[in-house]
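Undergrad: My structure is in entry_14.txt, and what it holds is compact mmCIF, C-alpha atoms:
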```txt
# COMPACT_ATOMS: atom_id res chain seq x y z
CA MET A 1 -137.03 129.56 -178.50
CA THR A 2 -140.71 128.74 -178.94
CA ASP A 3 -141.57 128.19 -182.60
CA PHE A 4 -144.65 129.33 -184.50
CA GLN A 5 -146.26 125.92 -184.74
CA SER A 6 -146.08 125.24 -181.02
CA VAL A 7 -147.83 128.55 -180.36
CA HIS A 8 -150.38 128.66 -183.17
CA GLY A 9 -150.84 124.99 -184.07
CA ALA A 10 -149.80 125.09 -187.72
CA ALA A 11 -146.99 126.27 -189.99
CA PRO A 12 -146.69 129.97 -190.96
CA ALA A 13 -147.30 131.23 -194.47
CA GLY A 14 -144.01 133.13 -194.41
CA VAL A 15 -141.43 135.06 -192.42
CA TRP A 16 -140.71 138.78 -192.69
CA ALA A 17 -138.19 141.18 -191.15
CA ALA A 18 -138.00 144.95 -190.62
CA PRO A 19 -134.95 146.71 -189.13
CA GLY A 20 -134.41 149.28 -186.45
CA ARG A 21 -132.54 152.40 -187.46
CA VAL A 22 -129.80 154.79 -186.48
CA ASN A 23 -130.18 158.37 -187.62
CA LEU A 24 -126.83 159.82 -188.67
CA ILE A 25 -128.07 163.41 -188.58
CA GLY A 26 -131.40 165.22 -188.82
CA GLU A 27 -133.08 164.92 -185.43
CA HIS A 28 -136.55 166.35 -184.74
CA THR A 29 -136.65 167.67 -188.30
CA ASP A 30 -139.08 165.13 -189.73
CA TYR A 31 -142.21 166.59 -188.15
CA ASN A 32 -141.03 170.00 -189.37
CA ASP A 33 -141.06 168.85 -193.03
CA GLY A 34 -137.26 168.77 -193.00
CA PHE A 35 -134.37 166.49 -193.98
CA VAL A 36 -133.08 163.31 -192.34
CA LEU A 37 -130.25 160.86 -192.99
CA PRO A 38 -130.84 157.46 -191.33
CA ILE A 39 -129.41 154.01 -191.91
CA ALA A 40 -131.12 150.71 -191.17
CA LEU A 41 -129.52 148.51 -188.52
CA PRO A 42 -128.67 144.84 -188.93
CA HIS A 43 -130.91 144.38 -185.88
CA SER A 44 -134.51 143.63 -186.84
CA THR A 45 -137.92 142.46 -185.74
CA ARG A 46 -138.86 139.19 -187.42
CA ALA A 47 -142.39 137.89 -187.79
CA ALA A 48 -143.73 134.51 -188.83
CA VAL A 49 -147.32 134.98 -189.98
CA ARG A 50 -150.40 133.06 -191.07
CA LEU A 51 -153.74 134.58 -192.03
CA ARG A 52 -156.93 133.74 -190.15
CA THR A 53 -160.51 133.73 -191.43
CA ASP A 54 -162.25 134.35 -188.09
CA GLY A 55 -161.29 138.01 -187.63
CA LEU A 56 -158.94 137.35 -184.73
CA LEU A 57 -155.47 138.84 -184.36
CA ARG A 58 -153.31 136.54 -182.21
CA LEU A 59 -149.92 137.91 -181.16
CA TRP A 60 -147.02 136.17 -179.45
CA SER A 61 -143.48 137.46 -178.87
CA GLU A 62 -140.24 135.81 -177.81
CA GLN A 63 -139.69 138.96 -175.74
CA GLY A 64 -143.17 138.84 -174.22
CA ASP A 65 -144.65 137.19 -171.15
CA GLY A 66 -145.22 133.79 -172.74
CA ARG A 67 -148.91 134.43 -173.38
CA VAL A 68 -150.82 134.94 -176.62
CA THR A 69 -152.64 138.27 -176.92
CA GLU A 70 -155.93 137.71 -178.76
CA LEU A 71 -157.80 140.66 -180.27
CA ASP A 72 -160.91 141.07 -182.41
CA VAL A 73 -159.85 142.97 -185.52
CA ALA A 74 -163.28 144.54 -185.93
CA GLY A 75 -163.09 145.96 -182.41
CA LEU A 76 -159.69 147.60 -182.67
CA ALA A 77 -159.74 151.24 -181.61
CA PRO A 78 -157.28 153.76 -180.14
CA GLY A 79 -156.93 153.21 -176.42
CA ALA A 80 -158.30 149.67 -176.53
CA VAL A 81 -154.96 147.81 -176.47
CA ASP A 82 -152.14 148.11 -173.93
CA GLY A 83 -148.48 147.09 -173.88
CA TRP A 84 -146.38 145.99 -176.81
CA ALA A 85 -149.40 144.49 -178.62
CA LYS A 86 -150.76 147.96 -179.36
CA TYR A 87 -148.10 148.45 -182.07
CA PRO A 88 -149.08 145.52 -184.34
CA ALA A 89 -152.76 146.11 -183.52
CA ALA A 90 -152.33 149.75 -184.55
CA VAL A 91 -151.09 148.79 -188.00
CA VAL A 92 -154.02 146.47 -188.66
CA TRP A 93 -156.37 149.23 -187.48
CA ALA A 94 -154.64 151.80 -189.72
CA LEU A 95 -154.88 149.53 -192.76
CA ARG A 96 -158.59 149.07 -192.18
CA GLU A 97 -159.07 152.79 -191.57
CA ALA A 98 -157.41 153.42 -194.93
CA GLY A 99 -160.02 151.23 -196.62
CA HIS A 100 -158.08 148.00 -197.00
CA GLN A 101 -160.18 144.88 -196.41
CA VAL A 102 -157.82 143.03 -194.10
CA GLY A 103 -158.74 140.57 -191.39
CA GLY A 104 -157.02 138.53 -188.75
CA ALA A 105 -153.71 136.75 -188.55
CA ASP A 106 -151.46 134.73 -186.27
CA PHE A 107 -148.12 136.41 -185.49
CA TRP A 108 -144.95 135.12 -183.87
CA PHE A 109 -142.37 137.84 -183.22
CA ASP A 110 -138.71 137.85 -182.31
CA SER A 111 -136.54 140.97 -182.15
CA ASP A 112 -132.97 141.93 -181.37
CA VAL A 113 -133.60 145.69 -181.71
CA PRO A 114 -132.92 147.16 -178.25
CA THR A 115 -136.10 148.64 -176.79
CA GLY A 116 -136.18 152.14 -175.33
CA ALA A 117 -132.80 152.88 -176.88
CA GLY A 118 -133.83 155.39 -179.52
CA LEU A 119 -133.26 152.80 -182.27
CA SER A 120 -136.86 152.56 -183.48
CA SER A 121 -137.86 149.20 -182.07
CA SER A 122 -141.50 150.28 -182.32
CA ALA A 123 -141.18 151.27 -185.99
CA SER A 124 -139.53 147.95 -186.82
CA LEU A 125 -142.47 146.14 -185.19
CA GLU A 126 -145.00 148.26 -187.07
CA CYS A 127 -143.22 147.88 -190.40
CA VAL A 128 -142.84 144.12 -190.23
CA VAL A 129 -146.59 143.83 -189.62
CA ALA A 130 -147.37 146.23 -192.47
CA THR A 131 -145.09 144.37 -194.88
CA ALA A 132 -146.50 140.95 -194.01
CA TYR A 133 -150.07 142.19 -194.42
CA ARG A 134 -149.21 143.84 -197.74
CA ASP A 135 -147.83 140.58 -199.09
CA LEU A 136 -150.38 138.17 -197.65
CA TYR A 137 -153.41 140.29 -198.50
CA GLU A 138 -151.89 141.30 -201.86
CA LEU A 139 -152.31 145.02 -201.22
CA ASP A 140 -151.17 147.47 -203.89
CA LEU A 141 -148.96 149.47 -201.54
CA GLY A 142 -145.34 150.53 -201.99
CA ALA A 143 -142.74 150.88 -199.27
CA ALA A 144 -143.47 154.59 -198.71
CA ASP A 145 -147.21 153.87 -198.55
CA LEU A 146 -146.60 151.30 -195.83
CA ALA A 147 -144.40 153.74 -193.93
CA LEU A 148 -147.23 156.27 -193.90
CA ILE A 149 -149.67 153.60 -192.69
CA ALA A 150 -147.26 152.71 -189.88
CA GLN A 151 -146.78 156.37 -188.97
CA ARG A 152 -150.54 156.87 -188.77
CA ALA A 153 -150.73 153.79 -186.57
CA GLU A 154 -148.25 155.30 -184.13
CA ASN A 155 -149.78 158.80 -184.26
CA ALA A 156 -153.47 157.99 -184.03
CA PHE A 157 -153.60 154.61 -182.27
CA VAL A 158 -150.51 154.50 -180.05
CA GLY A 159 -150.63 158.24 -179.38
CA VAL A 160 -147.07 159.30 -180.24
CA PRO A 161 -147.03 162.31 -182.64
CA CYS A 162 -143.85 161.16 -184.40
CA GLY A 163 -142.74 162.19 -187.85
CA VAL A 164 -142.28 159.69 -190.64
CA MET A 165 -138.51 159.17 -190.47
CA ASP A 166 -138.45 155.99 -188.38
CA GLN A 167 -140.98 154.17 -190.52
CA MET A 168 -139.42 155.35 -193.79
CA ALA A 169 -136.01 154.20 -192.61
CA SER A 170 -137.31 150.78 -191.62
CA MET A 171 -139.15 150.38 -194.94
CA CYS A 172 -136.86 152.07 -197.45
CA CYS A 173 -133.20 151.94 -196.37
CA ALA A 174 -130.78 149.94 -198.50
CA GLU A 175 -127.76 147.87 -197.58
CA GLY A 176 -124.54 149.87 -197.78
CA GLY A 177 -126.20 153.27 -197.87
CA ALA A 178 -127.81 156.07 -195.90
CA LEU A 179 -131.28 157.30 -196.81
CA PHE A 180 -131.41 161.01 -197.64
CA LEU A 181 -135.09 161.74 -197.14
CA ASP A 182 -137.08 164.91 -197.69
CA THR A 183 -139.94 164.37 -195.27
CA ARG A 184 -142.18 166.92 -196.99
CA ASP A 185 -142.64 165.05 -200.27
CA LEU A 186 -140.87 161.77 -199.32
CA ALA A 187 -138.31 162.24 -202.09
CA GLN A 188 -135.40 159.96 -201.28
CA ARG A 189 -131.92 159.10 -202.42
CA GLN A 190 -129.65 156.28 -201.31
CA VAL A 191 -126.26 157.75 -200.46
CA PRO A 192 -123.36 155.24 -200.47
CA LEU A 193 -121.82 154.90 -197.01
CA ASP A 194 -118.82 152.60 -197.12
CA LEU A 195 -117.45 153.15 -193.63
CA ALA A 196 -115.35 150.00 -193.57
CA GLY A 197 -113.76 150.87 -196.89
CA ARG A 198 -112.52 154.13 -195.36
CA GLY A 199 -111.24 152.45 -192.21
CA LEU A 200 -114.10 153.81 -190.12
CA ARG A 201 -116.74 152.35 -187.84
CA LEU A 202 -120.01 153.69 -186.45
CA LEU A 203 -120.08 152.85 -182.76
CA VAL A 204 -123.52 152.73 -181.15
CA ILE A 205 -123.60 153.33 -177.40
CA ASP A 206 -126.88 152.28 -175.81
CA THR A 207 -126.91 154.17 -172.51
CA ARG A 208 -129.68 151.85 -171.23
CA VAL A 209 -131.58 154.92 -170.08
CA LYS A 210 -135.14 154.21 -171.11
CA HIS A 211 -137.27 156.91 -172.65
CA ASP A 212 -140.99 157.19 -173.28
CA LEU A 213 -141.95 159.55 -176.06
CA ALA A 214 -145.62 159.14 -175.18
CA ASP A 215 -145.14 160.98 -171.87
CA GLY A 216 -145.96 164.38 -173.35
CA ALA A 217 -142.46 165.80 -173.76
CA TYR A 218 -142.23 164.87 -177.44
CA ALA A 219 -145.71 166.23 -178.11
CA ALA A 220 -144.83 169.50 -176.38
CA LEU A 221 -141.75 169.96 -178.56
CA ARG A 222 -143.71 169.34 -181.72
CA ALA A 223 -146.44 171.73 -180.63
CA GLY A 224 -143.81 174.40 -179.93
CA CYS A 225 -142.37 174.04 -183.41
CA GLU A 226 -145.80 174.25 -185.00
CA ARG A 227 -146.64 177.34 -182.95
CA ALA A 228 -143.39 179.00 -184.04
CA ALA A 229 -144.06 178.26 -187.70
CA ALA A 230 -147.55 179.73 -187.39
CA LEU A 231 -146.22 182.89 -185.73
CA LEU A 232 -143.72 183.28 -188.57
CA GLY A 233 -146.40 182.69 -191.21
CA LEU A 234 -144.67 179.58 -192.53
CA PRO A 235 -146.13 176.18 -193.49
CA ALA A 236 -143.37 174.55 -191.42
CA LEU A 237 -139.97 175.43 -189.97
CA ARG A 238 -138.43 173.73 -193.00
CA ASP A 239 -139.32 176.90 -194.90
CA LEU A 240 -136.95 179.04 -192.81
CA ASP A 241 -133.32 179.02 -193.94
CA LEU A 242 -130.13 179.94 -192.13
CA ALA A 243 -129.96 183.38 -193.69
CA GLY A 244 -133.37 184.29 -192.36
CA LEU A 245 -132.87 182.74 -188.94
CA PRO A 246 -131.63 185.79 -186.96
CA ALA A 247 -134.50 188.00 -188.06
CA ALA A 248 -137.02 185.23 -187.44
CA LEU A 249 -135.77 184.64 -183.91
CA ASP A 250 -136.31 188.32 -183.10
CA ARG A 251 -140.01 187.86 -183.92
CA LEU A 252 -140.54 184.92 -181.58
CA PRO A 253 -141.09 184.61 -177.83
CA ALA A 254 -137.98 183.55 -175.95
CA GLU A 255 -139.19 180.02 -175.19
CA LEU A 256 -139.59 179.19 -178.89
CA GLN A 257 -136.30 180.60 -180.11
CA PRO A 258 -134.09 177.61 -179.15
CA LEU A 259 -136.46 175.13 -180.81
CA VAL A 260 -136.42 177.06 -184.06
CA ARG A 261 -132.66 177.53 -183.95
CA HIS A 262 -132.15 173.77 -183.59
CA VAL A 263 -134.48 172.78 -186.41
CA VAL A 264 -133.08 175.28 -188.91
CA THR A 265 -129.44 174.54 -188.13
CA GLU A 266 -130.11 170.79 -188.07
CA ASP A 267 -131.59 170.86 -191.57
CA ALA A 268 -128.43 172.70 -192.64
CA ARG A 269 -126.30 170.01 -190.98
CA VAL A 270 -128.09 167.30 -192.98
CA GLU A 271 -127.30 169.16 -196.18
CA GLN A 272 -123.71 169.59 -195.04
CA ALA A 273 -123.43 165.87 -194.28
CA ILE A 274 -124.77 164.96 -197.72
CA ALA A 275 -122.24 167.24 -199.40
CA LEU A 276 -119.43 165.59 -197.41
CA LEU A 277 -120.58 162.06 -198.27
CA ASP A 278 -121.02 162.93 -201.94
CA ALA A 279 -117.46 164.30 -201.92
CA GLY A 280 -116.16 161.12 -200.27
CA ASP A 281 -115.15 162.99 -197.10
CA LEU A 282 -116.52 160.57 -194.52
CA THR A 283 -114.21 161.77 -191.75
CA GLY A 284 -115.62 165.28 -192.19
CA LEU A 285 -118.93 163.95 -190.90
CA GLY A 286 -117.50 163.77 -187.37
CA PRO A 287 -117.66 167.46 -186.43
CA VAL A 288 -121.17 167.68 -187.93
CA LEU A 289 -122.32 164.95 -185.54
CA THR A 290 -120.80 166.71 -182.53
CA ALA A 291 -122.35 170.04 -183.49
CA GLY A 292 -125.70 168.29 -183.82
CA HIS A 293 -125.42 166.95 -180.29
CA ALA A 294 -124.62 170.38 -178.89
CA SER A 295 -127.75 171.73 -180.55
CA LEU A 296 -129.92 168.89 -179.20
CA ARG A 297 -128.45 169.45 -175.74
CA ASP A 298 -128.40 173.24 -175.55
CA ASP A 299 -131.27 174.33 -177.80
CA TYR A 300 -133.71 171.43 -177.96
CA GLY A 301 -133.11 170.16 -174.43
CA VAL A 302 -133.58 166.46 -175.18
CA SER A 303 -130.25 165.02 -174.06
CA CYS A 304 -129.57 163.73 -170.55
CA PRO A 305 -126.48 163.33 -168.33
CA GLU A 306 -125.78 159.83 -169.64
CA THR A 307 -125.92 160.75 -173.33
CA ASP A 308 -123.89 163.91 -172.70
CA LEU A 309 -121.25 161.84 -170.90
CA ALA A 310 -121.12 159.25 -173.67
CA VAL A 311 -120.53 161.96 -176.29
CA ALA A 312 -117.89 163.75 -174.22
CA ALA A 313 -116.03 160.54 -173.31
CA ALA A 314 -116.05 159.26 -176.89
CA VAL A 315 -114.72 162.53 -178.33
CA GLU A 316 -112.09 162.84 -175.60
CA ALA A 317 -110.93 159.28 -176.36
CA GLY A 318 -110.45 160.11 -180.03
CA ALA A 319 -113.80 159.73 -181.78
CA LEU A 320 -114.10 161.89 -184.89
CA GLY A 321 -117.51 163.01 -183.68
CA ALA A 322 -120.48 161.82 -181.64
CA ARG A 323 -124.08 162.69 -180.86
CA MET A 324 -127.23 161.27 -179.35
CA THR A 325 -129.54 159.64 -181.90
CA GLY A 326 -133.29 159.29 -181.72
CA GLY A 327 -135.92 161.33 -179.96
CA GLY A 328 -133.88 161.84 -176.82
CA PHE A 329 -134.68 161.65 -173.12
CA GLY A 330 -132.22 158.77 -172.93
CA GLY A 331 -131.49 156.23 -175.61
CA SER A 332 -128.34 155.87 -177.66
CA VAL A 333 -125.31 157.79 -178.86
CA ILE A 334 -123.45 157.22 -182.11
CA ALA A 335 -119.73 157.88 -182.51
CA LEU A 336 -117.76 157.94 -185.76
CA VAL A 337 -114.40 156.33 -185.04
CA ASP A 338 -111.30 155.05 -186.74
CA ALA A 339 -111.47 151.27 -186.86
CA ASP A 340 -108.19 150.82 -184.98
CA ARG A 341 -109.47 152.99 -182.10
CA LEU A 342 -112.87 151.32 -181.77
CA ASP A 343 -112.12 149.12 -178.75
CA GLY A 344 -110.31 151.87 -176.88
CA ILE A 345 -113.13 154.36 -177.36
CA ALA A 346 -115.77 151.84 -176.30
CA ALA A 347 -113.70 151.05 -173.20
CA ALA A 348 -113.27 154.75 -172.40
CA VAL A 349 -117.02 155.33 -172.50
CA THR A 350 -117.66 152.30 -170.32
CA GLY A 351 -115.04 153.50 -167.88
CA ALA A 352 -116.56 156.97 -167.75
CA PHE A 353 -119.96 155.49 -166.96
CA LYS A 354 -118.52 153.38 -164.17
CA ALA A 355 -116.72 156.39 -162.68
CA ALA A 356 -119.98 158.37 -162.74
CA GLY A 357 -121.88 155.57 -161.02
CA TYR A 358 -124.00 154.75 -164.07
CA ALA A 359 -124.90 151.25 -165.22
CA GLY A 360 -122.60 150.02 -167.97
CA PRO A 361 -123.68 150.92 -171.52
CA ARG A 362 -124.12 148.40 -174.30
CA THR A 363 -121.89 149.06 -177.32
CA PHE A 364 -121.93 147.64 -180.83
CA THR A 365 -121.07 148.71 -184.36
CA ALA A 366 -123.70 149.52 -186.95
CA THR A 367 -123.42 148.82 -190.66
CA PRO A 368 -126.06 150.04 -193.14
CA ALA A 369 -128.55 147.21 -193.66
CA ALA A 370 -131.58 146.52 -195.87
CA GLY A 371 -135.11 147.69 -195.15
CA ALA A 372 -138.23 145.60 -194.57
CA ARG A 373 -138.44 142.42 -196.63
CA ARG A 374 -139.75 138.89 -196.83
CA LEU A 375 -137.27 136.28 -195.65
CA GLY A 376 -139.09 133.15 -196.71
```
Give the structure from the file, written as structure tokens.
TA:
Amino acid sequence: MTDFQSVHGAAPAGVWAAPGRVNLIGEHTDYNDGFVLPIALPHSTRAAVRLRTDGLLRLWSEQGDGRVTELDVAGLAPGAVDGWAKYPAAVVWALREAGHQVGGADFWFDSDVPTGAGLSSSASLECVVATAYRDLYELDLGAADLALIAQRAENAFVGVPCGVMDQMASMCCAEGGALFLDTRDLAQRQVPLDLAGRGLRLLVIDTRVKHDLADGAYAALRAGCERAAALLGLPALRDLDLAGLPAALDRLPAELQPLVRHVVTEDARVEQAIALLDAGDLTGLGPVLTAGHASLRDDYGVSCPETDLAVAAAVEAGALGARMTGGGFGGSVIALVDADRLDGIAAAVTGAFKAAGYAGPRTFTATPAAGARRLG
């Protein structure tokens, strides 16, 4: 490991961390003003930081190419930065665009959030930068404010039209709980999620299939949802409930019907999951997860052969339920499992991948962790 001082020539002012996330249920609902239920992962992006007075942003990562990326803060603009450095640069740009008088800084990053796995590695990078800048520049911004800054960074600078869930999860999740978030008004509630206390585990299966949400597929899905809402005369698909779904589908062109069906039923699944957790019925969450995957696969069309296989193999081996998590087009699957069946289910999925000729997946368990914070 290369330390901050060897890269930047002096000691940092502090160290911050921001986690990746797993979304239990509520996929592709955030940009439709809907409901989501993520947890923060123990995996995080960590940043040692020191302010600069010369307007330079100097970025170095343990996962990078061993070189420092040096940028002029005053010259930051969408399209001007390539590679991983565009994410921290985007946050500094977004802060300045919002009127905050922030300048340069030296950053040293290290992350154990898997990239391209649908676990919000980009949001964790954005949020650790936002949190460090908030503290070091003494900005009067709360966690939700920083999440919105980070979302704008990804939308307007990076070019991914994501909703706010990933950034809100990285900023606002709490240890031991899931974040029930209304993405319309950002109302939130921490819902206790004591999996271990109920003899359960949440198995994460990283298929190692890399996705790129900036390739246009994500944007096309969002545009389809917005078009459907406009045709229905609604502010967003969040405003259509299950009871009104059949009649609404009859008013839409065929290509938009599956998108609308997924969003409306997925919002209902989030509410169902919350009711189960509030009632202490954690095992009841399993079938909700599996139903969510079927909707993502059949209606939204964002699964892939590897994620479908991981879900099928996990459920066949005894998982209580499973689904892909994240934007799709690859990434990860989560499976709710009894603790004493964890190893067998992980082995069954690995075996199924080998039999199909796929590269072996990475598996680990996720426990609800804390959101972005200063470490020292």
Undergrad: Between atom CA of A:Ala150 and atom CA of A:Thr29, what is the distance in Å, rounded to a tenth?
TA: 18.4 Å
Undergrad: Just want the 10 Å neighbourhood of A:Ala223, counted on only C-alpha atoms, with same-chain residues fewer than 6 positions away dropped. Output as a list in words.
TA: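 After dropping sequence-adjacent residues, the list is Pro161, Ala217 and Ala229 of chain A.
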Undergrad: Listing only residues of stretch 4-46 of chain A within 10 Å of stretch 261-284 of chain A, what is the closest atom pair and its distance in Å (to one decimal) for each, using all atoms listed in the file, sorted by chain and residue number ascending, as a Markdown table?
TA:
```
| residue | atom | partner | partner_atom | distance |
| --- | --- | --- | --- | --- |
| A:Leu24 | CA | A:Val270 | CA | 8.7 |
| A:Ile25 | CA | A:Val270 | CA | 5.9 |
| A:Gly26 | CA | A:Val270 | CA | 5.7 |
| A:Glu27 | CA | A:Glu266 | CA | 7.1 |
| A:His28 | CA | A:Val263 | CA | 7.0 |
| A:Thr29 | CA | A:Val263 | CA | 5.9 |
| A:Asp30 | CA | A:Val263 | CA | 9.5 |
| A:Asn32 | CA | A:Val263 | CA | 7.7 |
| A:Asp33 | CA | A:Asp267 | CA | 9.8 |
| A:Gly34 | CA | A:Asp267 | CA | 6.2 |
| A:Phe35 | CA | A:Asp267 | CA | 5.7 |
| A:Val36 | CA | A:Val270 | CA | 6.4 |
| A:Leu37 | CA | A:Val270 | CA | 6.8 |
```
Undergrad: Would you mind exporting the chosen residues as a CSV table (one decimal), in the coordinates of the input, restricted to C-alpha atoms?
TA:
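Dumped everything to selection-v4.csv:
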```
chain,number,residue,atom,x,y,z
A,24,LEU,CA,-126.8,159.8,-188.7
A,25,ILE,CA,-128.1,163.4,-188.6
A,26,GLY,CA,-131.4,165.2,-188.8
A,27,GLU,CA,-133.1,164.9,-185.4
A,28,HIS,CA,-136.6,166.4,-184.7
A,29,THR,CA,-136.6,167.7,-188.3
A,30,ASP,CA,-139.1,165.1,-189.7
A,32,ASN,CA,-141.0,170.0,-189.4
A,33,ASP,CA,-141.1,168.8,-193.0
A,34,GLY,CA,-137.3,168.8,-193.0
A,35,PHE,CA,-134.4,166.5,-194.0
A,36,VAL,CA,-133.1,163.3,-192.3
A,37,LEU,CA,-130.2,160.9,-193.0
```
Undergrad: What are the closest atom pairs, with distances in Å to one decimal, for all residues of stretch 9-43 of chain A lying within 10 Å of stretch 135-149 of chain A? Consider only C-alpha atoms, order rows by chain and residue number, and present the result as CSV.
TA:
```
residue,atom,partner,partner_atom,distance
A:Ala13,CA,A:Leu136,CA,8.2
A:Gly14,CA,A:Leu136,CA,8.7
A:Trp16,CA,A:Asp135,CA,9.7
```
Undergrad: Go ahead and dump the residues you just picked, C-alpha atoms, as a PDB file, keeping the file's coordinate frame.
TA:
```pdb
ATOM      1  CA  ALA A  13    -147.300 131.230-194.470  1.00  0.00           C
ATOM      2  CA  GLY A  14    -144.010 133.130-194.410  1.00  0.00           C
ATOM      3  CA  TRP A  16    -140.710 138.780-192.690  1.00  0.00           C
TER       4      TRP A  16
END
```
Undergrad: Using all atoms listed in the file, which residue out of A:Leu259, A:Leu203, A:Ala98, A:Leu195 lies closest to A:Glu226?
TA: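 Closest to A:Glu226 of all the choices is A:Leu259.
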Undergrad: Just want the 8 Å neighbourhood of stretch 71-78 of chain A, counted on only C-alpha atoms, with same-chain residues fewer than 2 positions away dropped. Output as a list in words.
TA: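 Returned residues: Gly55, Leu56, Leu57, Arg58, Thr69, Ala80, Val81, Ala89, Ala90, Val92, Trp93, Gly103, Gly104, Ala156, Phe157 and Val158 of chain A.
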Undergrad: Interatomic distance between atom CA of A:Gly360 and atom CA of A:Ala346?
TA: 10.9 Å
Undergrad: Just give me the gap between atom CA of A:Pro235 and atom CA of A:Leu181 in Å, one decimal is fine.
TA: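 These two atoms are separated by 18.5 Å.
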Undergrad: Of the residues A:Ala48, A:Ala220, A:Ala248, A:Cys172, which is the one nearest to A:Gly233, using all atoms listed in the file?
TA: A:Ala248
Undergrad: Considering all atoms listed in the file, can you say which of A:Thr307, A:Thr363, A:Thr53, A:Ser332 comes closest to A:Ala347?
TA: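 Looking only at the distances to A:Ala347, the closest residue turns out to be A:Thr363.
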Undergrad: Determine the nearest neighbour of A:Arg201 from the options A:Ala317, A:Gly327, A:Asp110, A:Gly286, counting all atoms listed in the file.
TA: A:Gly286
Undergrad: So which one's closest to A:Cys225, A:Ala10, A:Ser44, A:Leu285, A:Tyr31? Using all atoms listed in the file, please.
TA: A:Tyr31
Undergrad: Would you mind telling me which residue in A:Leu256, A:Val204, A:Val333, A:Leu59 lies nearest to A:Arg222 when using only C-alpha atoms?
TA: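 Smallest separation from A:Arg222 among the options: A:Leu256.
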Undergrad: Would you list the contacts of A:Trp108 as a ChimeraX atom specification, taking every protein, DNA or RNA residue within 10 Å and counting all atoms listed in the file, but skipping same-chain residues closer than 2 positions in sequence?
TA: /A:2-5,7-8,12,15,46-50,58-62,68,106,110
Undergrad: Do you know which residues are at most 10 Å from A:Phe329 counting only C-alpha atoms, after dropping those on the same chain fewer than 4 positions away, and could you put them as a list in words?
TA: Gly116, Ala117, Gly118, Val209, Lys210, His211, Asp212, Leu213, Ala217, Tyr218, Gly301, Val302, Ser303, Cys304, Pro305, Glu306, Thr307 and Met324 of chain A
Undergrad: Can I get N, CA, C and O atoms for stretch 166-176 of chain A, as a CSV table (one decimal), in the first residue's frame?
TA:
```
chain,number,residue,atom,x,y,z
A,166,ASP,N,-28.8,5.5,-4.8
A,166,ASP,CA,-27.4,5.1,-4.5
A,166,ASP,C,-26.7,6.1,-3.5
A,166,ASP,O,-26.1,5.7,-2.6
A,167,GLN,N,-26.9,7.3,-3.9
A,167,GLN,CA,-26.2,8.4,-3.1
A,167,GLN,C,-26.9,8.5,-1.7
A,167,GLN,O,-26.2,8.7,-0.7
A,168,MET,N,-28.2,8.4,-1.6
A,168,MET,CA,-28.9,8.5,-0.3
A,168,MET,C,-28.5,7.3,0.5
A,168,MET,O,-28.3,7.4,1.7
A,169,ALA,N,-28.4,6.1,-0.1
A,169,ALA,CA,-28.0,4.9,0.7
A,169,ALA,C,-26.6,5.1,1.3
A,169,ALA,O,-26.3,4.8,2.4
A,170,SER,N,-25.6,5.6,0.4
A,170,SER,CA,-24.3,5.7,0.9
A,170,SER,C,-24.1,6.8,2.0
A,170,SER,O,-23.3,6.7,2.9
A,171,MET,N,-25.0,7.8,1.9
A,171,MET,CA,-24.9,8.9,2.9
A,171,MET,C,-25.7,8.6,4.1
A,171,MET,O,-25.3,9.0,5.2
A,172,CYS,N,-26.9,8.0,4.0
A,172,CYS,CA,-27.8,8.0,5.1
A,172,CYS,C,-28.1,6.7,5.8
A,172,CYS,O,-28.9,6.7,6.8
A,173,CYS,N,-27.7,5.6,5.2
A,173,CYS,CA,-28.0,4.3,5.9
A,173,CYS,C,-27.4,4.2,7.3
A,173,CYS,O,-26.4,4.9,7.6
A,174,ALA,N,-27.9,3.4,8.1
A,174,ALA,CA,-27.5,3.2,9.5
A,174,ALA,C,-27.1,1.8,9.7
A,174,ALA,O,-27.7,0.8,9.2
A,175,GLU,N,-26.2,1.5,10.6
A,175,GLU,CA,-25.8,0.2,11.0
A,175,GLU,C,-27.0,-0.6,11.6
A,175,GLU,O,-27.7,0.0,12.4
A,176,GLY,N,-27.2,-1.8,11.1
A,176,GLY,CA,-28.2,-2.6,11.6
A,176,GLY,C,-29.6,-2.4,11.1
A,176,GLY,O,-30.6,-2.9,11.6
```
